[in-house]
Amino acid sequence: MTIYSDDLVRASGHIVGLGASALAAYDAVAGSGSVSFGLPLACCGMTLLYTAGSFQDHLRRRDTRIVAFLSANPSTSLHEISSATGLSEERVASSLQRLVTDGTVAFQTAPPPAACSYRLAL
């Protein structure tokens, strides 16, 4: 399984946001008891969680663009999808990986020199 950069950004946002929120809660209860440190840290953690959620929405919109393109153009290569949607090949590959895992998109391999192609799953 390949992990792409946008998946790492999403995961790190959740981890850091939850960690900062947990640290703030711990500091407010058992730590120095200073609200001046715990409250801003809790706000930072919640902001990171919100940002990660916004990033999820961005990924869904990108996946929707790719699915819409595949519905009109079955059996299309990654390069063709990237060119048509204006997205980088890495971002298209990341979206296709998610869509294949979800069962929305299927890929077909062909003998060389042809590349694999993608289509909507039936």
# chains A, B, ... in the order shown; residues from 1 in each chain; ligands from 1

$ residues_around --residues "Leu78 of chain A" --least-positions-apart "5" --cutoff "9 Å" --atoms "only C-alpha atoms" --output "number ranges by chain"
A: 83, 89, 92-93, 96, 115-118

$ residues_around --residues "segment 59-73 of chain A" --least-positions-apart "3" --cutoff "8 Å" --atoms "only C-alpha atoms" --output "PDB file with N, CA, C and O atoms, in the first residue's frame"
ATOM      1  N   PHE A  55      -9.698  19.776   5.321  1.00  0.00           N
ATOM      2  CA  PHE A  55      -8.885  19.062   4.348  1.00  0.00           C
ATOM      3  C   PHE A  55      -9.640  17.845   3.820  1.00  0.00           C
ATOM      4  O   PHE A  55      -9.563  17.524   2.640  1.00  0.00           O
ATOM      5  N   GLN A  56     -10.402  17.174   4.702  1.00  0.00           N
ATOM      6  CA  GLN A  56     -11.231  16.039   4.273  1.00  0.00           C
ATOM      7  C   GLN A  56     -12.234  16.489   3.219  1.00  0.00           C
ATOM      8  O   GLN A  56     -12.465  15.794   2.236  1.00  0.00           O
ATOM      9  N   THR A  76      -9.585   5.076 -18.596  1.00  0.00           N
ATOM     10  CA  THR A  76      -8.681   6.203 -18.761  1.00  0.00           C
ATOM     11  C   THR A  76      -7.443   5.999 -17.889  1.00  0.00           C
ATOM     12  O   THR A  76      -7.540   5.508 -16.772  1.00  0.00           O
ATOM     13  N   ILE A  81      -6.246  11.346 -16.812  1.00  0.00           N
ATOM     14  CA  ILE A  81      -7.092  11.947 -15.771  1.00  0.00           C
ATOM     15  C   ILE A  81      -6.428  13.207 -15.230  1.00  0.00           C
ATOM     16  O   ILE A  81      -7.070  14.241 -15.061  1.00  0.00           O
ATOM     17  N   THR A  85      -8.172  16.925 -15.602  1.00  0.00           N
ATOM     18  CA  THR A  85      -8.670  17.587 -14.393  1.00  0.00           C
ATOM     19  C   THR A  85      -7.784  18.725 -13.928  1.00  0.00           C
ATOM     20  O   THR A  85      -8.194  19.530 -13.094  1.00  0.00           O
ATOM     21  N   VAL A  92      -3.876  12.789  -8.124  1.00  0.00           N
ATOM     22  CA  VAL A  92      -4.826  11.890  -8.786  1.00  0.00           C
ATOM     23  C   VAL A  92      -4.602  10.461  -8.311  1.00  0.00           C
ATOM     24  O   VAL A  92      -5.552   9.738  -8.015  1.00  0.00           O
ATOM     25  N   SER A  95      -6.081  10.033  -4.852  1.00  0.00           N
ATOM     26  CA  SER A  95      -7.541   9.920  -4.913  1.00  0.00           C
ATOM     27  C   SER A  95      -7.958   8.566  -5.485  1.00  0.00           C
ATOM     28  O   SER A  95      -8.885   7.929  -4.976  1.00  0.00           O
ATOM     29  N   LEU A  96      -7.281   8.128  -6.537  1.00  0.00           N
ATOM     30  CA  LEU A  96      -7.625   6.829  -7.129  1.00  0.00           C
ATOM     31  C   LEU A  96      -7.393   5.692  -6.146  1.00  0.00           C
ATOM     32  O   LEU A  96      -8.172   4.744  -6.097  1.00  0.00           O
ATOM     33  N   LEU A  99     -10.359   5.731  -3.901  1.00  0.00           N
ATOM     34  CA  LEU A  99     -11.568   5.312  -4.611  1.00  0.00           C
ATOM     35  C   LEU A  99     -11.546   3.819  -4.938  1.00  0.00           C
ATOM     36  O   LEU A  99     -12.594   3.158  -4.908  1.00  0.00           O
ATOM     37  N   VAL A 105     -14.018   2.827  -7.802  1.00  0.00           N
ATOM     38  CA  VAL A 105     -13.266   2.775  -9.052  1.00  0.00           C
ATOM     39  C   VAL A 105     -12.543   1.441  -9.136  1.00  0.00           C
ATOM     40  O   VAL A 105     -12.106   0.894  -8.130  1.00  0.00           O
ATOM     41  N   TYR A 118      -8.304   3.158 -15.526  1.00  0.00           N
ATOM     42  CA  TYR A 118      -9.285   3.209 -14.450  1.00  0.00           C
ATOM     43  C   TYR A 118     -10.672   3.403 -15.040  1.00  0.00           C
ATOM     44  O   TYR A 118     -10.853   4.049 -16.058  1.00  0.00           O
ATOM     45  N   ARG A 119     -11.660   2.843 -14.353  1.00  0.00           N
ATOM     46  CA  ARG A 119     -13.050   2.996 -14.751  1.00  0.00           C
ATOM     47  C   ARG A 119     -13.900   2.929 -13.480  1.00  0.00           C
ATOM     48  O   ARG A 119     -13.412   2.472 -12.431  1.00  0.00           O
ATOM     49  N   LEU A 120     -15.134   3.350 -13.576  1.00  0.00           N
ATOM     50  CA  LEU A 120     -16.026   3.223 -12.426  1.00  0.00           C
ATOM     51  C   LEU A 120     -16.355   1.757 -12.215  1.00  0.00           C
ATOM     52  O   LEU A 120     -16.540   1.010 -13.187  1.00  0.00           O
TER      53      LEU A 120
END

$ atom_distance --atom1 "atom CA of Pro74 of chain A" --atom2 "atom CA of Val100 of chain A"
14.4 Å

$ atom_distance --atom1 "atom CA of Gln108 of chain A" --atom2 "atom CA of Ala84 of chain A"
19.5 Å
